Amino acid sequence: GASSSGVEYISSLADLFKPESRTTFKPVDTDLLETRRTIVYEYEVKLPYSRLTLTADKSSSANAGSRGRMWVDRETNRVLRFEQIATEIPSDFPITAASTLIDYDWVTIGENKFVLPTRSEVLITAVNKRQVVQSRNEIRFRGYQKFGAELNVIYEIDEKDFPPEPSPTPPPP
């Protein structure tokens, strides 16, 4: 099955825009996601420049290239959908195919709006003891909340900052 650390929902997308990835982008279509007009781009990252790592078990991992598409909101220039398909997977590696689809949307947390993942689907095909195994992992993100705390910094400590000492109780007779 698939596992997640959670960081890939942002880092996989961010890696595409790093100069060292040498990602090629090509606008290919327009689309409507929910009510938003988008431009669809295809991209590709060749294996030598890719940071995509596939892990078959705790001791077996391999780097792979990737290709896919992204849907960019025409008004806000925000990515609303991201598709990543692993390419150039080593032929002797147990995972033979892997893809991820992530949907993003505006989410209100506290009084502010953020573009965050709302849904993800990971598909993996692997060979396990001469048997082909396919897994599908779908995640729905919801219940985003703001957490906070208050803190007072005291630079000088005075005796009045401490609670009074409890009065000693006399021993029982």
# chains A, B, ... in the order shown; residues from 1 in each chain; ligands from 1
>>> select_by_dssp(residues="region 65-144 of chain A", states="strand (DSSP E or B)", output="ChimeraX atom specification")
/A:65-73,79-87,95-109,112-128,131-140
>>> closest_residue(among="A:Thr53, A:Ser135, A:Arg81, A:Tyr43", to="Gly68 (chain A)", atoms="only C-alpha atoms")
A:Tyr43
>>> closest_residue(among="A:Val115, A:Ala98, A:Val122, A:Val28", to="Asn137 (chain A)", atoms="only C-alpha atoms")
A:Val122
>>> atom_distance(atom1="CA of Gln134 (chain A)", atom2="CA of Thr100 (chain A)")
13.7 Å
>>> residues_around(residues="region 29-42 of chain A", least_positions_apart="5", cutoff="10 Å", atoms="only C-alpha atoms", output="NGL selection string")
:A and (24 or 67-83 or 103 or 105)
>>> residues_around(residues="Ser66 (chain A)", least_positions_apart="3", cutoff="9 Å", atoms="only C-alpha atoms", output="PyMOL selection string")
chain A and resi 43-47+50+52+84-88
>>> atom_distance(atom1="CA of Gly143 (chain A)", atom2="CA of Ile124 (chain A)")
27.3 Å
>>> atom_distance(atom1="CA of Lys26 (chain A)", atom2="CA of Trp106 (chain A)")
25.3 Å
